[in-house]
Amino acid sequence: MFAIEARKLGYRVHTYSPVSDTPTGHISDFEIAADYRDLDRVRDFARDVDVVTFEFENVPSTTIETAAEFAPVHPKGDVLHTTQNRLREKTFLSTNGFPVARYSHVTSLDSLKAAVHDIGHPSVLKTAGFGYDGKGQRKVTNIDDCDDAFHGIGGEEAILESFIDFEKEVSVVAARDAEGNFAHFGVIENDHRNHILDVSFAPAEVTSKLRDEAVQITRGIAEKFGYVGTLCVEFFVTGHDELLVNEIAPRPHNSGHLTFDASVTCQFEQQVRAVCGLPLGSTELMRPAAMANLLGDLWENGEPDWSRVLKDADVKLHLYGKAEARPGRKMGHITAMADSPREAVRIVVDARNSLID
Ligand code: AMP
C-alpha cells in the first residue's frame, strides 16, 4: 500500500525482504530477496536509492544502520531499536512520563515469580523481542501458572505486565515531517479477536477530553523520537476513562487502513510525503468509516467468492496478494463509509459474513 502511494506520486520503488514474490515486490521496480543480515546486499540496495523506510519492525537494527551509511533512513534506526523490544519501549515510555500499565523485567522463572508477587495477577507475560498480534504472550492468572507461562514463551527475556480490564482499545495514527509538522487521523476504535485486530472504526466513541489526550500523547512520543514518517500509538481505555499506551508501531498501521478510502490523504501517502520531504497532506476524514480484516481462515475452502462482498456497492475490497493463506494471516481488508461509524461497522461485518456459508 506504501508502494502504491509512492508510485502515484511518481516515485520508483525498490524493495528488500527475505523472500521473493512479495506484495510490495509485485509493484516495485526492483525487488531484492536476501537475508536482512546479508549486509553486502543491504549496501547494494541502499546505494541505489535516495531514501529508505521500513514496514516491518523486526528488521534487525544492524540492517538499518548499514543502510543509513548510504541513504537517509526514516524513521531513524534508533526508533526501530526502541520499538522492536517491549522492555526498551516500555522504558522509553515510562521514563518520558507517558502512561503505561505496571510492568516488570523478567529474565528467569524466579524473576517471573517475584514479578507476579510485585504486580499481582491476572497479568500478561510477553517476550521482550519479536512479538506482535499476541505472539509470545501468556496470561498469568495465579502464581502456579508461572512455569507454564515462562516455558510457553520459550524461556526468553520478557516483561510481565498487569492485565488491564479495559473498556476499549483505541489508536492514533499520525505523521511527523523533518520540520516537526504533525498531522493526525483522530482516534480510531479497535476490536481485537484472538489478540489480532478484527474491526476498526473512526471516529472512535470517546469523549473529546480523551481524544485530545490521546492525540497529545501521540504527538509527545513523535517529538521525543524526532520521528519522521507515519506512526501509530495503541492505547487501552480504562474504566476510569484513562489512557494507557499499549504499543507503538513505527510505521503505517492496520488500524489506519480505513484512511485509504476515507481520508483526503491516507496513512501510506502521508508516509511517502514525510520520508520524501514533501509537505504533509490533509488528514480529514471524509465520512465515518470502518475496516474489517480478512484473515487466512476465510480461505479454508479455497479462494473466497469476492463478488459476494462487492454486491454492496459501498464496500471497498483490498487484497494484498500474499502467496499463501494461513489461519490468522492478514490477507486483505474491507472498508466502507457511512453516516455513522456503527453503520460503517455493520456494512463491513455483513460483507465479511457473506463470505461464510
Ligand atoms: P500486543 O501484541 O501487546 O499489542 O497485544 C495484542 C492484544 O492483546 C492487545 O491489543 C490486547 O487486546 C491484548 N493485551 C495485550 N496486553 C494486554 C494487557 N496488559 N491487558 C489486557 N489485554 C492485553
# chains A, B, ... in the order shown; residues from 1 in each chain; ligands from 1
$ residues_near_ligand --ligand "ligand 1" --cutoff "8 Å" --atoms "only C-alpha atoms and all ligand atoms" --output "list in words"
Ala101, Ser123, Val124, Lys126, Gly131, Tyr132, Asp133, Gly134, Lys135, Gln137, Glu161, Ser162, Phe163, Ile164, Asp165, Phe166, Glu169, Asp191, His192, Arg193, Asn194, His195, Ile196, Leu197, Glu234, Phe236, Asn246 and Glu247 of chain A
$ residues_around --residues "His253 in chain A" --least-positions-apart "4" --cutoff "10 Å" --atoms "only C-alpha atoms" --output "PDB file with all heavy atoms, in the first residue's frame"
ATOM      1  N   GLU A  55       8.567  -1.255   6.736  1.00  0.00           N
ATOM      2  CA  GLU A  55       7.153  -1.504   7.039  1.00  0.00           C
ATOM      3  C   GLU A  55       7.002  -2.608   8.059  1.00  0.00           C
ATOM      4  O   GLU A  55       5.911  -3.097   8.266  1.00  0.00           O
ATOM      5  CB  GLU A  55       6.440  -1.957   5.761  1.00  0.00           C
ATOM      6  CG  GLU A  55       6.185  -0.851   4.789  1.00  0.00           C
ATOM      7  CD  GLU A  55       4.870  -1.042   4.068  1.00  0.00           C
ATOM      8  OE1 GLU A  55       4.570  -2.167   3.680  1.00  0.00           O
ATOM      9  OE2 GLU A  55       4.141  -0.048   3.917  1.00  0.00           O
ATOM     10  N   SER A 171      -6.565   3.736  18.887  1.00  0.00           N
ATOM     11  CA  SER A 171      -5.233   4.066  18.384  1.00  0.00           C
ATOM     12  C   SER A 171      -5.266   5.445  17.741  1.00  0.00           C
ATOM     13  O   SER A 171      -6.323   5.931  17.336  1.00  0.00           O
ATOM     14  CB  SER A 171      -4.763   3.020  17.370  1.00  0.00           C
ATOM     15  OG  SER A 171      -5.692   2.906  16.330  1.00  0.00           O
ATOM     16  N   VAL A 172      -4.075   6.043  17.694  1.00  0.00           N
ATOM     17  CA  VAL A 172      -3.920   7.291  16.946  1.00  0.00           C
ATOM     18  C   VAL A 172      -2.846   7.050  15.895  1.00  0.00           C
ATOM     19  O   VAL A 172      -1.720   6.659  16.231  1.00  0.00           O
ATOM     20  CB  VAL A 172      -3.527   8.470  17.856  1.00  0.00           C
ATOM     21  CG1 VAL A 172      -3.264   9.726  17.020  1.00  0.00           C
ATOM     22  CG2 VAL A 172      -4.620   8.748  18.881  1.00  0.00           C
ATOM     23  N   VAL A 173      -3.213   7.233  14.645  1.00  0.00           N
ATOM     24  CA  VAL A 173      -2.251   7.174  13.554  1.00  0.00           C
ATOM     25  C   VAL A 173      -1.916   8.621  13.211  1.00  0.00           C
ATOM     26  O   VAL A 173      -2.815   9.464  13.108  1.00  0.00           O
ATOM     27  CB  VAL A 173      -2.842   6.433  12.330  1.00  0.00           C
ATOM     28  CG1 VAL A 173      -1.888   6.475  11.150  1.00  0.00           C
ATOM     29  CG2 VAL A 173      -3.191   4.998  12.707  1.00  0.00           C
ATOM     30  N   ALA A 174      -0.637   8.901  13.079  1.00  0.00           N
ATOM     31  CA  ALA A 174      -0.223  10.293  12.857  1.00  0.00           C
ATOM     32  C   ALA A 174       1.067  10.305  12.045  1.00  0.00           C
ATOM     33  O   ALA A 174       1.708   9.271  11.869  1.00  0.00           O
ATOM     34  CB  ALA A 174       0.007  10.981  14.200  1.00  0.00           C
ATOM     35  N   THR A 230       5.059   7.995   9.249  1.00  0.00           N
ATOM     36  CA  THR A 230       3.775   7.679   9.884  1.00  0.00           C
ATOM     37  C   THR A 230       4.019   6.735  11.049  1.00  0.00           C
ATOM     38  O   THR A 230       4.837   5.822  10.944  1.00  0.00           O
ATOM     39  CB  THR A 230       2.841   7.000   8.844  1.00  0.00           C
ATOM     40  OG1 THR A 230       2.568   7.934   7.798  1.00  0.00           O
ATOM     41  CG2 THR A 230       1.529   6.549   9.474  1.00  0.00           C
ATOM     42  N   LEU A 231       3.323   6.971  12.148  1.00  0.00           N
ATOM     43  CA  LEU A 231       3.418   6.057  13.294  1.00  0.00           C
ATOM     44  C   LEU A 231       2.022   5.813  13.847  1.00  0.00           C
ATOM     45  O   LEU A 231       1.076   6.535  13.527  1.00  0.00           O
ATOM     46  CB  LEU A 231       4.342   6.594  14.395  1.00  0.00           C
ATOM     47  CG  LEU A 231       3.789   7.555  15.451  1.00  0.00           C
ATOM     48  CD1 LEU A 231       4.749   7.618  16.639  1.00  0.00           C
ATOM     49  CD2 LEU A 231       3.562   8.932  14.887  1.00  0.00           C
ATOM     50  N   CYS A 232       1.923   4.786  14.688  1.00  0.00           N
ATOM     51  CA  CYS A 232       0.655   4.516  15.352  1.00  0.00           C
ATOM     52  C   CYS A 232       0.921   4.259  16.826  1.00  0.00           C
ATOM     53  O   CYS A 232       1.866   3.542  17.174  1.00  0.00           O
ATOM     54  CB  CYS A 232      -0.009   3.298  14.729  1.00  0.00           C
ATOM     55  SG  CYS A 232      -1.514   2.790  15.591  1.00  0.00           S
ATOM     56  N   VAL A 233       0.117   4.859  17.678  1.00  0.00           N
ATOM     57  CA  VAL A 233       0.189   4.569  19.113  1.00  0.00           C
ATOM     58  C   VAL A 233      -1.115   3.877  19.485  1.00  0.00           C
ATOM     59  O   VAL A 233      -2.202   4.396  19.212  1.00  0.00           O
ATOM     60  CB  VAL A 233       0.402   5.853  19.938  1.00  0.00           C
ATOM     61  CG1 VAL A 233       0.458   5.519  21.429  1.00  0.00           C
ATOM     62  CG2 VAL A 233       1.685   6.549  19.501  1.00  0.00           C
ATOM     63  N   GLU A 234      -0.985   2.686  20.080  1.00  0.00           N
ATOM     64  CA  GLU A 234      -2.162   1.907  20.504  1.00  0.00           C
ATOM     65  C   GLU A 234      -2.370   2.100  22.003  1.00  0.00           C
ATOM     66  O   GLU A 234      -1.408   2.062  22.779  1.00  0.00           O
ATOM     67  CB  GLU A 234      -1.937   0.426  20.230  1.00  0.00           C
ATOM     68  CG  GLU A 234      -1.856   0.078  18.758  1.00  0.00           C
ATOM     69  CD  GLU A 234      -1.595  -1.400  18.574  1.00  0.00           C
ATOM     70  OE1 GLU A 234      -2.514  -2.194  18.779  1.00  0.00           O
ATOM     71  OE2 GLU A 234      -0.456  -1.759  18.244  1.00  0.00           O
ATOM     72  N   ILE A 248       3.727   1.004  20.463  1.00  0.00           N
ATOM     73  CA  ILE A 248       3.984   1.984  19.396  1.00  0.00           C
ATOM     74  C   ILE A 248       4.355   1.188  18.142  1.00  0.00           C
ATOM     75  O   ILE A 248       5.200   0.293  18.227  1.00  0.00           O
ATOM     76  CB  ILE A 248       5.188   2.896  19.744  1.00  0.00           C
ATOM     77  CG1 ILE A 248       5.000   3.567  21.101  1.00  0.00           C
ATOM     78  CG2 ILE A 248       5.426   3.925  18.646  1.00  0.00           C
ATOM     79  CD1 ILE A 248       6.281   4.196  21.643  1.00  0.00           C
ATOM     80  N   ALA A 249       3.740   1.501  17.027  1.00  0.00           N
ATOM     81  CA  ALA A 249       4.140   0.877  15.755  1.00  0.00           C
ATOM     82  C   ALA A 249       4.853   1.956  14.936  1.00  0.00           C
ATOM     83  O   ALA A 249       4.237   2.976  14.610  1.00  0.00           O
ATOM     84  CB  ALA A 249       2.926   0.352  15.008  1.00  0.00           C
ATOM     85  N   HIS A 257      -5.785   1.479   8.154  1.00  0.00           N
ATOM     86  CA  HIS A 257      -6.096   1.099   6.774  1.00  0.00           C
ATOM     87  C   HIS A 257      -7.382   1.759   6.276  1.00  0.00           C
ATOM     88  O   HIS A 257      -7.557   1.957   5.079  1.00  0.00           O
ATOM     89  CB  HIS A 257      -6.212  -0.423   6.641  1.00  0.00           C
ATOM     90  CG  HIS A 257      -4.884  -1.131   6.669  1.00  0.00           C
ATOM     91  ND1 HIS A 257      -3.689  -0.476   6.879  1.00  0.00           N
ATOM     92  CD2 HIS A 257      -4.563  -2.440   6.507  1.00  0.00           C
ATOM     93  CE1 HIS A 257      -2.702  -1.348   6.839  1.00  0.00           C
ATOM     94  NE2 HIS A 257      -3.199  -2.542   6.628  1.00  0.00           N
ATOM     95  N   GLN A 267      -2.811   7.106   5.265  1.00  0.00           N
ATOM     96  CA  GLN A 267      -1.609   6.970   6.091  1.00  0.00           C
ATOM     97  C   GLN A 267      -0.367   6.596   5.265  1.00  0.00           C
ATOM     98  O   GLN A 267       0.747   6.971   5.627  1.00  0.00           O
ATOM     99  CB  GLN A 267      -1.827   5.945   7.194  1.00  0.00           C
ATOM    100  CG  GLN A 267      -2.143   4.534   6.723  1.00  0.00           C
ATOM    101  CD  GLN A 267      -2.033   3.499   7.845  1.00  0.00           C
ATOM    102  OE1 GLN A 267      -1.579   3.804   8.942  1.00  0.00           O
ATOM    103  NE2 GLN A 267      -2.428   2.270   7.578  1.00  0.00           N
ATOM    104  N   PHE A 268      -0.552   5.905   4.140  1.00  0.00           N
ATOM    105  CA  PHE A 268       0.597   5.490   3.331  1.00  0.00           C
ATOM    106  C   PHE A 268       1.132   6.662   2.504  1.00  0.00           C
ATOM    107  O   PHE A 268       2.335   6.850   2.389  1.00  0.00           O
ATOM    108  CB  PHE A 268       0.209   4.322   2.419  1.00  0.00           C
ATOM    109  CG  PHE A 268      -0.236   3.125   3.195  1.00  0.00           C
ATOM    110  CD1 PHE A 268      -1.581   2.854   3.368  1.00  0.00           C
ATOM    111  CD2 PHE A 268       0.697   2.286   3.786  1.00  0.00           C
ATOM    112  CE1 PHE A 268      -1.995   1.755   4.100  1.00  0.00           C
ATOM    113  CE2 PHE A 268       0.293   1.195   4.531  1.00  0.00           C
ATOM    114  CZ  PHE A 268      -1.059   0.930   4.690  1.00  0.00           C
TER     115      PHE A 268
END
$ residues_around --residues "Leu39 in chain A" --least-positions-apart "2" --cutoff "12 Å" --atoms "only C-alpha atoms" --output "list in words"
Tyr16, Ala34, Asp35, Tyr36, Arg37, Arg41, Val42, Arg43, Asp44, Phe45, Ala46, Pro60, Ser61, Thr62, Thr63, Ile64, Glu65, Thr66, Ala67, Ala68 and Glu69 of chain A
$ residues_around --residues "range 323-339 of chain A" --least-positions-apart "4" --cutoff "7 Å" --atoms "only C-alpha atoms" --output "list in words"
Leu258, Ala262, Arg287, Pro288, Ala289, Ala290, Met291, Ala292, Asn293, Leu294, Leu295, Gly296, Asp297, Trp299, Asp314, Val315, Lys316, Leu317, His318, Leu319, Glu343, Ala344, Ile347 and Val348 of chain A
$ select_by_dssp --residues "range 122-257 of chain A" --states "strand (DSSP E)" --output "JSON, numbers by chain"
{"A": [123, 124, 125, 126, 127, 137, 138, 139, 140, 158, 159, 160, 161, 162, 168, 169, 170, 171, 172, 173, 174, 175, 176, 182, 183, 184, 185, 186, 187, 188, 189, 190, 191, 192, 193, 196, 197, 198, 199, 200, 201, 202, 229, 230, 231, 232, 233, 234, 235, 236, 237, 243, 244, 245, 246, 247, 248, 249]}
$ residues_around --residues "range 271-274 of chain A" --least-positions-apart "6" --cutoff "12 Å" --atoms "only C-alpha atoms" --output "ChimeraX atom specification"
/A:1-13,51-55,73-75,173-184,227-232,250-253,256,265,280-282
$ write_last_selection --atoms "C-alpha atoms" --output "compact mmCIF listing (two decimals), in the first residue's frame"
# COMPACT_ATOMS: atom_id res chain seq x y z
CA MET A 1 0.00 0.00 0.00
CA PHE A 2 3.01 2.25 0.62
CA ALA A 3 4.41 1.35 -2.80
CA ILE A 4 1.05 2.08 -4.48
CA GLU A 5 1.04 5.56 -2.96
CA ALA A 6 4.72 6.15 -3.81
CA ARG A 7 4.05 5.24 -7.42
CA LYS A 8 1.02 7.55 -7.57
CA LEU A 9 3.38 10.36 -6.62
CA GLY A 10 5.75 9.36 -9.42
CA TYR A 11 8.42 7.61 -7.38
CA ARG A 12 10.14 4.37 -8.26
CA VAL A 13 10.22 1.76 -5.53
CA VAL A 51 15.68 7.29 0.89
CA VAL A 52 14.91 4.16 2.90
CA THR A 53 11.91 3.31 5.06
CA PHE A 54 10.55 0.07 6.53
CA GLU A 55 7.15 -1.50 7.04
CA VAL A 73 16.50 6.21 6.77
CA HIS A 74 13.13 7.43 8.11
CA PRO A 75 12.12 6.87 10.82
CA VAL A 173 -2.25 7.17 13.55
CA ALA A 174 -0.22 10.29 12.86
CA ALA A 175 2.67 11.60 10.83
CA ARG A 176 5.52 13.99 11.55
CA ASP A 177 7.88 15.51 9.00
CA ALA A 178 11.51 16.55 9.33
CA GLU A 179 10.50 20.16 10.15
CA GLY A 180 8.40 18.94 13.07
CA ASN A 181 4.98 19.43 11.42
CA PHE A 182 2.47 16.98 12.84
CA ALA A 183 -0.81 15.66 11.39
CA HIS A 184 -3.08 13.03 12.96
CA TYR A 227 10.10 10.96 14.37
CA VAL A 228 9.84 11.31 10.57
CA GLY A 229 7.11 9.24 8.91
CA THR A 230 3.77 7.68 9.88
CA LEU A 231 3.42 6.06 13.29
CA CYS A 232 0.65 4.52 15.35
CA PRO A 250 6.87 2.81 13.89
CA ARG A 251 5.05 2.55 10.55
CA PRO A 252 1.60 2.78 8.97
CA HIS A 253 -0.69 0.51 10.99
CA GLY A 256 -5.16 3.12 9.86
CA THR A 265 -4.64 11.74 2.39
CA LEU A 280 2.03 16.53 4.83
CA GLY A 281 -1.47 16.22 3.34
CA SER A 282 -4.90 16.82 4.87
$ closest_residue --among "A:Leu93, A:Ala114, A:Leu87, A:Leu310" --to "Ile221 in chain A" --atoms "only C-alpha atoms"
A:Leu93
$ select_by_dssp --residues "range 222-276 of chain A" --states "alpha helix (DSSP H)" --output "ChimeraX atom specification"
/A:222-225,259-262,267-275
$ write_last_selection --atoms "C-alpha atoms" --output "tab-separated table (two decimals), in the first residue's frame"
chain	number	residue	atom	x	y	z
A	222	ALA	CA	6.66	11.53	17.94
A	223	GLU	CA	8.53	14.58	19.21
A	224	LYS	CA	10.63	12.67	21.76
A	225	PHE	CA	11.72	10.34	18.97
A	259	THR	CA	-7.76	6.03	5.87
A	260	PHE	CA	-7.00	4.51	2.45
A	261	ASP	CA	-10.57	5.16	1.31
A	262	ALA	CA	-11.95	7.52	3.94
A	267	GLN	CA	-1.61	6.97	6.09
A	268	PHE	CA	0.60	5.49	3.33
A	269	GLU	CA	0.67	8.63	1.21
A	270	GLN	CA	1.49	10.52	4.40
A	271	GLN	CA	4.42	8.17	4.98
A	272	VAL	CA	5.67	8.79	1.43
A	273	ARG	CA	5.33	12.54	1.88
A	274	ALA	CA	7.11	12.57	5.25
A	275	VAL	CA	10.06	10.38	4.24
$ atom_distance --atom1 "CA of Pro341 in chain A" --atom2 "CA of Gly321 in chain A"
28.0 Å
$ atom_distance --atom1 "CA of Ala202 in chain A" --atom2 "CA of Gly186 in chain A"
7.8 Å
$ closest_residue --among "A:Phe98, A:Arg138, A:Glu303, A:Ser340" --to "Gln216 in chain A" --atoms "only C-alpha atoms"
A:Phe98
$ closest_residue --among "A:Asp148, A:Asp78, A:Glu213, A:Glu205" --to "Arg342 in chain A" --atoms "only C-alpha atoms"
A:Glu205
$ residues_around --residues "Arg88 in chain A" --least-positions-apart "2" --cutoff "12 Å" --atoms "only C-alpha atoms" --output "mmCIF file with N, CA, C and O atoms, in the first residue's frame"
data_model
loop_
_atom_site.group_PDB
_atom_site.id
_atom_site.type_symbol
_atom_site.label_atom_id
_atom_site.label_comp_id
_atom_site.auth_asym_id
_atom_site.auth_seq_id
_atom_site.Cartn_x
_atom_site.Cartn_y
_atom_site.Cartn_z
ATOM 1 N N ASP A 78 17.250 4.258 15.526
ATOM 2 C CA ASP A 78 17.110 4.079 16.988
ATOM 3 C C ASP A 78 15.640 4.029 17.418
ATOM 4 O O ASP A 78 15.320 3.468 18.458
ATOM 5 N N VAL A 79 14.736 4.579 16.584
ATOM 6 C CA VAL A 79 13.297 4.417 16.858
ATOM 7 C C VAL A 79 12.930 2.942 16.718
ATOM 8 O O VAL A 79 12.240 2.354 17.555
ATOM 9 N N LEU A 80 13.456 2.340 15.653
ATOM 10 C CA LEU A 80 13.200 0.915 15.423
ATOM 11 C C LEU A 80 13.779 0.091 16.578
ATOM 12 O O LEU A 80 13.121 -0.809 17.119
ATOM 13 N N HIS A 81 15.007 0.418 16.973
ATOM 14 C CA HIS A 81 15.681 -0.314 18.059
ATOM 15 C C HIS A 81 14.830 -0.266 19.333
ATOM 16 O O HIS A 81 14.667 -1.266 20.020
ATOM 17 N N THR A 82 14.267 0.890 19.629
ATOM 18 C CA THR A 82 13.453 1.029 20.851
ATOM 19 C C THR A 82 12.146 0.264 20.721
ATOM 20 O O THR A 82 11.758 -0.474 21.628
ATOM 21 N N THR A 83 11.476 0.405 19.590
ATOM 22 C CA THR A 83 10.112 -0.139 19.494
ATOM 23 C C THR A 83 10.087 -1.629 19.187
ATOM 24 O O THR A 83 9.041 -2.255 19.322
ATOM 25 N N GLN A 84 11.226 -2.215 18.775
ATOM 26 C CA GLN A 84 11.177 -3.644 18.458
ATOM 27 C C GLN A 84 11.415 -4.504 19.702
ATOM 28 O O GLN A 84 11.431 -5.719 19.608
ATOM 29 N N ASN A 85 11.549 -3.874 20.829
ATOM 30 C CA ASN A 85 11.751 -4.626 22.066
ATOM 31 C C ASN A 85 10.832 -4.030 23.131
ATOM 32 O O ASN A 85 10.899 -2.838 23.432
ATOM 33 N N ARG A 86 9.948 -4.877 23.697
ATOM 34 C CA ARG A 86 8.931 -4.353 24.617
ATOM 35 C C ARG A 86 9.532 -3.727 25.863
ATOM 36 O O ARG A 86 8.969 -2.776 26.397
ATOM 37 N N LYS A 90 8.800 0.077 26.714
ATOM 38 C CA LYS A 90 8.150 0.462 27.978
ATOM 39 C C LYS A 90 9.035 1.403 28.779
ATOM 40 O O LYS A 90 8.554 2.355 29.411
ATOM 41 N N THR A 91 10.350 1.143 28.752
ATOM 42 C CA THR A 91 11.287 2.009 29.485
ATOM 43 C C THR A 91 11.265 3.418 28.886
ATOM 44 O O THR A 91 11.206 4.418 29.610
ATOM 45 N N PHE A 92 11.297 3.487 27.556
ATOM 46 C CA PHE A 92 11.214 4.790 26.875
ATOM 47 C C PHE A 92 9.936 5.524 27.287
ATOM 48 O O PHE A 92 9.964 6.713 27.635
ATOM 49 N N LEU A 93 8.818 4.813 27.261
ATOM 50 C CA LEU A 93 7.531 5.461 27.560
ATOM 51 C C LEU A 93 7.486 5.916 29.013
ATOM 52 O O LEU A 93 7.143 7.065 29.302
ATOM 53 N N SER A 94 7.852 5.028 29.938
ATOM 54 C CA SER A 94 7.674 5.393 31.351
ATOM 55 C C SER A 94 8.686 6.455 31.772
ATOM 56 O O SER A 94 8.332 7.372 32.520
ATOM 57 N N THR A 95 9.927 6.379 31.270
ATOM 58 C CA THR A 95 10.890 7.400 31.695
ATOM 59 C C THR A 95 10.551 8.783 31.111
ATOM 60 O O THR A 95 10.945 9.800 31.663
ATOM 61 N N TYR A 103 4.664 -2.733 34.873
ATOM 62 C CA TYR A 103 5.393 -3.838 34.247
ATOM 63 C C TYR A 103 6.680 -4.116 35.010
ATOM 64 O O TYR A 103 7.137 -3.287 35.805
ATOM 65 N N SER A 104 7.231 -5.292 34.730
ATOM 66 C CA SER A 104 8.469 -5.670 35.387
ATOM 67 C C SER A 104 9.302 -6.516 34.428
ATOM 68 O O SER A 104 8.748 -7.256 33.602
ATOM 69 N N HIS A 105 10.619 -6.382 34.512
ATOM 70 C CA HIS A 105 11.542 -7.110 33.632
ATOM 71 C C HIS A 105 11.665 -8.549 34.131
ATOM 72 O O HIS A 105 11.882 -8.764 35.320
ATOM 73 N N THR A 127 7.122 -11.789 25.584
ATOM 74 C CA THR A 127 8.552 -11.801 25.230
ATOM 75 C C THR A 127 8.995 -10.362 24.955
ATOM 76 O O THR A 127 8.218 -9.563 24.412
ATOM 77 N N ALA A 128 10.251 -10.073 25.305
ATOM 78 C CA ALA A 128 10.735 -8.701 25.081
ATOM 79 C C ALA A 128 10.873 -8.420 23.589
ATOM 80 O O ALA A 128 10.539 -7.343 23.111
ATOM 81 N N GLY A 129 11.348 -9.413 22.834
ATOM 82 C CA GLY A 129 11.588 -9.194 21.406
ATOM 83 C C GLY A 129 10.602 -9.946 20.534
ATOM 84 O O GLY A 129 9.922 -10.873 20.985
ATOM 85 N N GLU A 157 13.898 -13.682 27.553
ATOM 86 C CA GLU A 157 13.752 -12.413 28.269
ATOM 87 C C GLU A 157 12.344 -11.861 27.977
ATOM 88 O O GLU A 157 11.861 -11.951 26.837
ATOM 89 N N ALA A 158 11.689 -11.323 28.991
ATOM 90 C CA ALA A 158 10.274 -10.931 28.826
ATOM 91 C C ALA A 158 9.937 -9.756 29.741
ATOM 92 O O ALA A 158 10.774 -9.301 30.530
ATOM 93 N N ILE A 159 8.714 -9.287 29.604
ATOM 94 C CA ILE A 159 8.179 -8.368 30.613
ATOM 95 C C ILE A 159 6.871 -8.966 31.135
ATOM 96 O O ILE A 159 6.157 -9.640 30.397
ATOM 97 N N GLU A 247 1.237 -0.017 22.881
ATOM 98 C CA GLU A 247 2.322 -0.272 21.929
ATOM 99 C C GLU A 247 2.501 0.894 20.983
ATOM 100 O O GLU A 247 1.534 1.610 20.699
ATOM 101 N N ILE A 248 3.727 1.004 20.463
ATOM 102 C CA ILE A 248 3.984 1.984 19.396
ATOM 103 C C ILE A 248 4.355 1.188 18.142
ATOM 104 O O ILE A 248 5.200 0.293 18.227
#
